[in-house]
Every structure is written in structure tokens, then in C-alpha cells.
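Asks: To be precise about what I am sending: the file is called input-v8.cif and holds mmCIF, C-alpha atoms.
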```cif
data_entry
#
loop_
_atom_site.label_atom_id
_atom_site.label_comp_id
_atom_site.auth_asym_id
_atom_site.auth_seq_id
_atom_site.Cartn_x
_atom_site.Cartn_y
_atom_site.Cartn_z
CA MET Z 181 186.34 76.26 92.68
CA GLY Z 182 186.52 76.07 96.48
CA ARG Z 183 183.55 76.43 98.81
CA GLN Z 184 184.52 79.92 100.01
CA ALA Z 185 184.88 81.18 96.44
CA LEU Z 186 181.54 79.65 95.54
CA ILE Z 187 179.85 81.25 98.55
CA ALA Z 188 181.28 84.65 97.69
CA MET Z 189 180.37 84.36 94.02
CA THR Z 190 176.82 83.16 94.74
CA ALA Z 191 176.21 85.86 97.33
CA TRP Z 192 177.36 88.43 94.77
CA ALA Z 193 175.14 86.93 92.06
CA ILE Z 194 172.05 86.98 94.27
CA THR Z 195 172.46 90.69 94.98
CA LEU Z 196 173.39 91.55 91.41
CA PRO Z 197 170.09 93.20 90.27
CA GLY Z 198 170.34 96.07 92.74
CA PHE Z 199 173.95 96.05 93.81
CA ALA Z 200 174.89 99.17 91.83
CA GLU Z 201 171.85 101.29 92.60
CA ASP Z 202 173.71 103.41 95.15
CA GLN Z 203 176.93 103.66 93.16
CA PRO Z 204 177.87 106.73 91.11
CA GLU Z 205 179.41 104.74 88.27
CA ILE Z 206 176.45 102.43 87.61
CA ALA Z 207 177.20 101.75 83.95
CA GLU Z 208 180.80 100.86 84.66
CA ASP Z 209 179.87 98.63 87.61
CA ARG Z 210 177.28 96.82 85.56
CA SER Z 211 179.76 96.27 82.77
CA LYS Z 212 182.18 94.72 85.25
CA ALA Z 213 179.36 92.57 86.60
CA VAL Z 214 178.54 91.27 83.13
CA LEU Z 215 182.17 90.43 82.48
CA ARG Z 216 182.41 88.64 85.82
CA VAL Z 217 179.32 86.53 85.12
CA MET Z 218 180.71 85.60 81.72
CA SER Z 219 184.09 84.71 83.19
CA ASP Z 220 182.92 82.80 86.27
CA SER Z 221 180.31 80.84 84.35
CA GLN Z 222 183.07 79.21 82.34
CA THR Z 223 184.56 77.66 85.50
CA LEU Z 224 181.40 76.68 87.40
CA GLU Z 225 181.25 73.02 86.47
CA GLY Z 226 180.72 70.04 88.73
CA VAL Z 227 179.67 72.04 91.80
CA PRO Z 228 177.90 69.74 94.31
CA PHE Z 229 174.25 70.61 94.91
CA ARG Z 230 174.87 70.79 98.65
CA ASP Z 231 177.46 73.55 98.16
CA VAL Z 232 175.18 75.59 95.90
CA VAL Z 233 172.31 75.36 98.40
CA TYR Z 234 174.55 76.30 101.32
CA ALA Z 235 176.01 79.26 99.46
CA ALA Z 236 172.59 80.52 98.36
CA THR Z 237 170.55 79.85 101.51
CA GLY Z 238 172.84 79.00 104.40
CA CYS Z 239 170.99 75.69 104.78
CA LYS Z 240 172.81 72.36 104.99
CA VAL Z 241 172.01 69.44 102.69
CA PHE Z 242 172.32 66.04 104.35
CA SER Z 243 173.00 62.78 102.58
CA ILE Z 244 170.92 59.65 103.06
CA ASP Z 245 172.22 57.07 105.52
CA LEU Z 246 170.81 53.80 104.17
CA GLN Z 247 170.98 52.13 107.59
CA LYS Z 248 169.66 54.99 109.68
CA ASP Z 249 166.99 55.91 107.14
CA GLU Z 250 165.92 52.39 106.14
CA ILE Z 251 162.53 52.40 107.88
CA TRP Z 252 161.12 55.68 106.62
CA LEU Z 253 162.56 55.10 103.15
CA GLY Z 254 160.67 51.81 103.07
CA GLU Z 255 157.47 53.56 104.14
CA LEU Z 256 157.96 56.21 101.48
CA GLY Z 257 158.51 53.46 98.92
CA LEU Z 258 155.15 51.91 99.78
CA VAL Z 259 153.55 55.35 99.41
CA LEU Z 260 155.07 55.75 95.95
CA ASP Z 261 153.86 52.27 94.94
CA GLN Z 262 150.34 53.35 95.80
CA VAL Z 263 150.76 56.71 94.05
CA LEU Z 264 151.69 55.03 90.77
CA LYS Z 265 148.91 52.48 91.16
CA ASN Z 266 146.37 55.28 91.59
CA LEU Z 267 147.75 57.29 88.67
CA ASN Z 268 147.62 54.28 86.37
CA ASP Z 269 143.93 53.71 87.10
CA SER Z 270 142.02 54.55 83.92
CA SER Z 271 139.52 56.56 85.96
CA HIS Z 272 142.16 58.91 87.39
CA ALA Z 273 141.94 62.53 86.23
CA VAL Z 274 145.53 62.47 84.94
CA GLN Z 275 144.45 59.94 82.29
CA ALA Z 276 141.66 62.13 80.93
CA GLY Z 277 143.82 64.53 78.97
CA GLY Z 278 146.99 62.51 78.65
CA ARG Z 279 149.08 65.69 78.93
CA ILE Z 280 152.38 64.79 80.53
CA ASN Z 281 153.23 68.44 81.26
CA GLU Z 282 150.39 68.50 83.80
CA ALA Z 283 151.21 65.16 85.40
CA SER Z 284 153.67 66.47 88.00
CA ARG Z 285 150.91 68.28 89.86
CA PHE Z 286 148.88 65.07 90.02
CA ILE Z 287 151.89 63.24 91.43
CA GLU Z 288 152.38 65.92 94.06
CA ASN Z 289 148.73 65.80 95.09
CA GLU Z 290 148.71 62.00 95.25
CA LEU Z 291 151.87 62.05 97.34
CA LEU Z 292 150.36 64.49 99.82
CA THR Z 293 147.20 62.40 100.07
CA GLN Z 294 149.05 59.11 100.61
CA LEU Z 295 151.54 60.58 103.08
CA ASP Z 296 148.61 61.57 105.29
CA THR Z 297 147.84 57.87 105.75
CA VAL Z 298 151.28 57.03 107.20
CA PRO Z 299 151.90 57.73 110.90
CA GLY Z 300 155.19 59.56 111.41
CA LEU Z 301 155.32 61.07 107.92
CA LYS Z 302 153.87 64.54 107.41
CA GLY Z 303 153.76 65.99 103.91
CA SER Z 304 153.15 69.64 103.02
CA ILE Z 305 153.87 72.40 100.52
CA PRO Z 306 157.11 74.22 101.46
CA LYS Z 307 156.86 77.82 102.55
CA THR Z 308 159.06 80.58 101.19
CA VAL Z 309 161.26 82.78 103.34
CA SER Z 310 158.26 85.10 103.64
CA GLN Z 311 156.21 82.19 105.07
CA THR Z 312 153.86 81.87 102.13
CA GLN Z 313 153.07 78.51 100.51
CA GLN Z 314 154.20 78.37 96.90
CA ARG Z 315 153.69 75.50 94.46
CA SER Z 316 156.12 76.65 91.76
CA GLY Z 317 159.89 76.38 92.06
CA TYR Z 318 162.19 73.92 93.78
CA PRO Z 319 161.40 71.99 95.95
CA ASP Z 320 157.80 70.90 95.38
CA LEU Z 321 157.12 69.10 98.66
CA ARG Z 322 158.29 69.06 102.28
CA LEU Z 323 158.29 65.86 104.31
CA GLN Z 324 158.75 65.92 108.08
CA LEU Z 325 159.89 62.70 109.70
CA GLU Z 326 158.88 61.42 113.11
CA ASP Z 327 162.27 62.40 114.55
CA GLY Z 328 161.77 65.99 113.36
CA ARG Z 329 164.12 65.86 110.40
CA VAL Z 330 163.04 67.49 107.14
CA VAL Z 331 163.16 65.93 103.69
CA TYR Z 332 162.51 67.96 100.55
CA LEU Z 333 160.88 65.95 97.76
CA ASP Z 334 160.76 67.05 94.14
CA PRO Z 335 158.85 64.83 91.64
CA LYS Z 336 160.62 64.66 88.30
CA LEU Z 337 159.05 62.98 85.27
CA HIS Z 338 160.99 61.47 82.40
CA SER Z 339 160.09 59.16 79.56
CA THR Z 340 161.36 55.65 80.13
CA GLU Z 341 163.48 55.79 76.98
CA SER Z 342 165.16 59.09 77.91
CA ARG Z 343 166.63 58.04 81.26
CA THR Z 344 170.20 58.48 79.99
CA SER Z 345 169.55 61.67 78.01
CA SER Z 346 172.04 64.54 78.34
CA PHE Z 347 169.37 67.25 78.06
CA ARG Z 348 169.07 69.58 81.04
CA THR Z 349 166.17 68.51 83.24
CA PHE Z 350 167.02 69.94 86.68
CA TYR Z 351 167.05 73.64 87.41
CA PHE Z 352 167.75 75.53 90.63
CA GLU Z 353 167.35 79.29 90.45
CA PRO Z 354 168.28 81.11 93.66
CA LYS Z 355 165.94 84.04 94.18
CA ARG Z 356 166.12 85.55 97.63
CA GLU Z 357 162.47 86.61 97.82
CA THR Z 358 161.09 83.21 96.78
CA PHE Z 359 163.52 80.77 98.42
CA LYS Z 360 161.68 77.60 99.42
CA ILE Z 361 164.71 76.00 101.02
CA THR Z 362 164.57 77.38 104.54
CA GLU Z 363 165.75 74.42 106.63
CA ASP Z 364 168.62 71.97 106.87
CA ALA Z 365 167.29 68.89 105.10
CA ILE Z 366 167.71 65.81 102.98
CA HIS Z 367 166.91 66.47 99.31
CA LEU Z 368 165.40 63.71 97.17
CA LEU Z 369 164.19 63.69 93.60
CA VAL Z 370 161.17 61.44 93.09
CA ALA Z 371 162.00 60.30 89.57
CA VAL Z 372 159.00 58.78 87.80
CA SER Z 373 159.37 57.18 84.37
CA HIS Z 374 156.45 57.13 81.96
CA SER Z 375 155.49 55.75 78.56
CA PRO Z 376 152.39 55.91 76.33
CA GLY Z 377 149.38 54.24 77.91
CA ALA Z 378 146.26 52.60 76.57
CA GLY Z 379 143.72 54.80 74.80
CA GLY Z 380 146.04 57.80 74.57
CA GLY Z 381 146.67 57.85 78.31
CA ILE Z 382 149.91 57.80 80.30
CA ARG Z 383 151.58 54.75 81.75
CA PHE Z 384 153.62 55.48 84.88
CA ASP Z 385 156.20 52.72 84.75
CA ALA Z 386 158.43 53.03 87.81
CA TRP Z 387 159.78 55.35 90.49
CA GLU Z 388 163.27 55.99 91.86
CA LEU Z 389 164.41 58.06 94.82
CA VAL Z 390 167.56 60.02 94.03
CA ASP Z 391 169.72 61.58 96.74
CA ILE Z 392 171.01 64.77 95.08
CA ALA Z 393 173.28 66.08 97.85
CA GLU Z 394 176.40 65.41 95.77
CA MET Z 395 174.79 65.86 92.34
CA PRO Z 396 177.18 67.98 90.23
CA LEU Z 397 175.70 71.20 88.84
CA ARG Z 398 176.89 73.70 86.28
CA LEU Z 399 176.07 77.37 85.88
CA LYS Z 400 175.06 78.77 82.51
CA ALA Z 401 175.16 82.55 82.15
CA GLU Z 402 171.98 83.66 80.43
CA PHE Z 403 170.50 87.14 80.06
CA GLN Z 404 166.73 87.16 79.63
CA ALA Z 405 163.83 89.48 78.84
CA SER Z 406 160.08 88.98 78.89
CA ASN Z 407 157.51 90.47 76.50
CA ARG Z 408 156.93 93.17 79.10
CA GLU Z 409 160.49 94.37 78.64
CA ILE Z 410 160.56 93.79 74.89
CA PHE Z 411 157.43 95.82 74.16
CA GLU Z 412 158.08 98.84 76.37
CA GLU Z 413 156.59 101.78 74.47
CA ALA Z 414 159.80 103.78 74.70
CA ASN Z 415 161.65 101.09 72.76
CA ILE Z 416 159.23 100.87 69.82
CA VAL Z 417 160.43 102.85 66.84
CA GLY Z 418 157.75 101.87 64.33
CA LYS Z 419 154.52 99.90 64.09
CA SER Z 420 151.75 99.06 61.63
CA GLN Z 421 148.22 100.39 61.95
CA GLY Z 422 146.75 96.96 61.46
CA VAL Z 423 146.59 94.43 58.66
CA LEU Z 424 144.21 96.61 56.63
CA GLY Z 425 145.52 99.95 57.79
CA LYS Z 426 148.51 102.08 56.97
CA SER Z 427 151.99 100.86 57.75
CA SER Z 428 154.47 102.88 59.74
CA ASN Z 429 155.92 104.32 56.51
CA GLY Z 430 152.62 106.08 55.80
CA ARG Z 431 151.67 104.01 52.76
CA ASP Z 432 148.21 102.53 52.41
CA ASP Z 433 148.88 98.79 52.38
CA ARG Z 434 145.33 97.74 51.56
CA SER Z 435 144.88 95.81 48.34
CA PRO Z 436 142.87 97.64 45.67
CA ASP Z 437 139.24 96.60 45.28
#
```
Will you turn the file into C-alpha cells for me?
Replies:
Amino acid sequence: MGRQALIAMTAWAITLPGFAEDQPEIAEDRSKAVLRVMSDSQTLEGVPFRDVVYAATGCKVFSIDLQKDEIWLGELGLVLDQVLKNLNDSSHAVQAGGRINEASRFIENELLTQLDTVPGLKGSIPKTVSQTQQRSGYPDLRLQLEDGRVVYLDPKLHSTESRTSSFRTFYFEPKRETFKITEDAIHLLVAVSHSPGAGGGIRFDAWELVDIAEMPLRLKAEFQASNREIFEEANIVGKSQGVLGKSSNGRDDRSPD
């Protein structure tokens, strides 16, 4: 799929929820939209991350130049060394519960703290298009270099033994109202491997910086609903009156004394 086709398709997808609101044949338009999603999703394989970001946000994704970026990459590497050292300290809060699902936030916080100690590197939480700081969603952190360039950092944890797994671990969901990519930038994953630590804790083994500009992505069509939509009162056609009450068929379901 060419870039222009991708841009057109992504722009259409982003406006999909309300695109038919002003149209007289809403049901027909929505049916066509569903068919288009199902059809296009079969061909969206191997799309470079930079093209997806540009199509969704209009922002450019720059690749790392190992010569030009050598100095600040080295400084960031020293920061990450210290981050892992701090996290592996038995007294660190991340070791108290040993819950790996909560570790990413600790990594983000440690990164922000350590970046503050390096002249020329300024870390922060990215702002959305509405200029509000938001911790959830990609990317997690924004790094501004001394020359004014922007680098988006996104910590990504994986068990040391699962480094070559084929399970999906990276997600990018373009939502216009919560976009956090608002600038042309370099995009790096901060990949941190972990394994079981002493006393039920977590051992943070190593870090890697991954330039994802050319990382191939694929689109999976998926229709979703939350409990809010599932349990709308208008949709419920029967319910019990409680474990000891009467069921929806009117029978008394309580066991005899």
C-alpha cells in the first residue's frame, strides 16, 4: 500500500465514528464502512511506523543518525544504567510488591528524575493536542535535546526469555482527541528485560534503545464494546431478582427449608 493510500485510509478511519451523522443513509454508509475496514485490514501489513504516524498526525518521524546523535545517546545510556541500578536496589518501591505490570511507571519516574541531572537533556510527560499532560497512551515520555530536537521515549518491559516472542507487545491507537504525538521527532523504545529477583522481587537485567521509525506495523480490524454498552437497560431482555429471589421466568428459585 502506497503512502497516499495509507494517508487517505487512515484519515477516513480516524473520522469513522461520526462520519455518517449528517448523511441520510446512515445504516447503508455504516455497512459500507464495516466492509471497507474488513477489506483494508487484510492488506495493511508491514506499514512503517513513520508512515502511520505521518498519516495519523501529520508529524514526521526521524531516524537516528549514529554519528550525529552519538553524544546524547551516550548520555542517555548512562541515565539508563543508573535507572536500572536504582530499580534493582532492594529498598526501591518497585521491589516491594514485585508486580511487573506496575513497573513501567517506576521506570518512567526514574527516567524523569535522572534526566533532570543531565545538562542539555530535558524530560517531561508529553501533552496531548489539547495541551493536557497525559500518562496513558503512546508515547510515555518526551525528551528535548540541547539543539531543540524532540525525542519520544516509550519504556517497554519484556521478560528476558521472551525477547523473540511473536506475541503483540506494541500498540498505537490513533485517537484525534488524545494524540500525544504533536511534534516532528525521533521515536525510541526503551526496552528493558527483566527476570525473577531475590525474595520475590524483580531483576531488571538490561536495557536496549530501539529506533522504531521503520518498524513494520499491521492493522487488525476489531470491533469492541465495554460493559457500559453491554449492559444498557434497553438491551436487557431478562434478569434474575437475586440469588434467593425469583428468576425472570417468575418461578421462586429458593430451595425449600
Asks: Atom CA of Z:Thr349 and atom CA of Z:Val214 are how many Å apart?
Replies: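 So the two atoms, atom CA of Z:Thr349 and atom CA of Z:Val214, lie 25.9 Å apart.
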Asks: Could you tell me which residues the PyMOL selection byres ((chain Z and resi 231) around 9) returns for this structure, as a PyMOL selection string?
Replies: chain Z and resi 183+186-187+227-230+232-236+240-241+393-394
Asks: Ranking Z:Val274, Z:Leu325, Z:Pro319, Z:Arg210 by minimum distance to Z:Glu255 and counting only C-alpha atoms, which one comes first?
Replies: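 Nearest to Z:Glu255: Z:Leu325.
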Asks: Is there a way to get, as a PDB file with C-alpha atoms, in the frame of the given file, all residues within 8 Å of the point (157.8, 56.6, 82.8) in file coordinates, counting only C-alpha atoms?
Replies:
```pdb
ATOM      1  CA  LEU Z 337     159.050  62.980  85.270  1.00  0.00           C
ATOM      2  CA  HIS Z 338     160.990  61.470  82.400  1.00  0.00           C
ATOM      3  CA  SER Z 339     160.090  59.160  79.560  1.00  0.00           C
ATOM      4  CA  THR Z 340     161.360  55.650  80.130  1.00  0.00           C
ATOM      5  CA  VAL Z 372     159.000  58.780  87.800  1.00  0.00           C
ATOM      6  CA  SER Z 373     159.370  57.180  84.370  1.00  0.00           C
ATOM      7  CA  HIS Z 374     156.450  57.130  81.960  1.00  0.00           C
ATOM      8  CA  SER Z 375     155.490  55.750  78.560  1.00  0.00           C
ATOM      9  CA  ARG Z 383     151.580  54.750  81.750  1.00  0.00           C
ATOM     10  CA  PHE Z 384     153.620  55.480  84.880  1.00  0.00           C
ATOM     11  CA  ASP Z 385     156.200  52.720  84.750  1.00  0.00           C
ATOM     12  CA  ALA Z 386     158.430  53.030  87.810  1.00  0.00           C
TER      13      ALA Z 386
END
```
Asks: Have a look at atom CA of Z:Ser271 and atom CA of Z:Ala283 and let me know their distance in Å, one decimal.
Replies: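 Separation of atom CA of Z:Ser271 and atom CA of Z:Ala283: 14.5 Å.
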Asks: Please enumerate the residues selected by the PyMOL selection byres ((chain Z and resi 355-371) around 6) when evaluated against the supplied file, formatted as a list in words.
Replies: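 Applying the PyMOL selection byres ((chain Z and resi 355-371) around 6) to the structure shown produces Cys239, Lys240, Val241, Phe242, Lys307, Thr308, Val309, Val330, Val331, Tyr332, Leu333, Asp334, Pro335, Lys336, Leu337, Pro354, Val372, Trp387, Glu388, Leu389, Val390 and Asp391 of chain Z.
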Asks: Can you tell me how far atom CA of Z:Glu282 sits from atom CA of Z:Trp252, in Å to one decimal?
Replies: 28.3 Å
Asks: For Z:Pro396, which of Z:Leu224, Z:Ile416, Z:Leu258, Z:Leu267 is the closest residue, counting all atoms listed in the file?
Replies: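 Closest to Z:Pro396, using all atoms listed in the file: Z:Leu224.
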Asks: Name the residues captured by the PyMOL selection byres ((chain Z and resi 322) around 6) when it is applied to the shown file; answer as a PDB file with C-alpha atoms, in the coordinates of the input.
Replies:
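Contents of part_8.pdb, as written:
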```pdb
ATOM      1  CA  GLY Z 303     153.760  65.990 103.910  1.00  0.00           C
ATOM      2  CA  SER Z 304     153.150  69.640 103.020  1.00  0.00           C
ATOM      3  CA  ILE Z 305     153.870  72.400 100.520  1.00  0.00           C
ATOM      4  CA  PRO Z 306     157.110  74.220 101.460  1.00  0.00           C
ATOM      5  CA  LEU Z 321     157.120  69.100  98.660  1.00  0.00           C
ATOM      6  CA  LEU Z 323     158.290  65.860 104.310  1.00  0.00           C
ATOM      7  CA  VAL Z 331     163.160  65.930 103.690  1.00  0.00           C
ATOM      8  CA  TYR Z 332     162.510  67.960 100.550  1.00  0.00           C
TER       9      TYR Z 332
END
```
Asks: Padding of 5 Å on every side, edges along x, y and z, all listed atoms of stretch 251-256 of chain Z included: what centre and edge lengths in Å, to one decimal, does that box have, as JSON?
Replies:
```
{"center_x": 160.0, "center_y": 54.0, "center_z": 104.7, "size_x": 15.1, "size_y": 14.4, "size_z": 16.4}
```
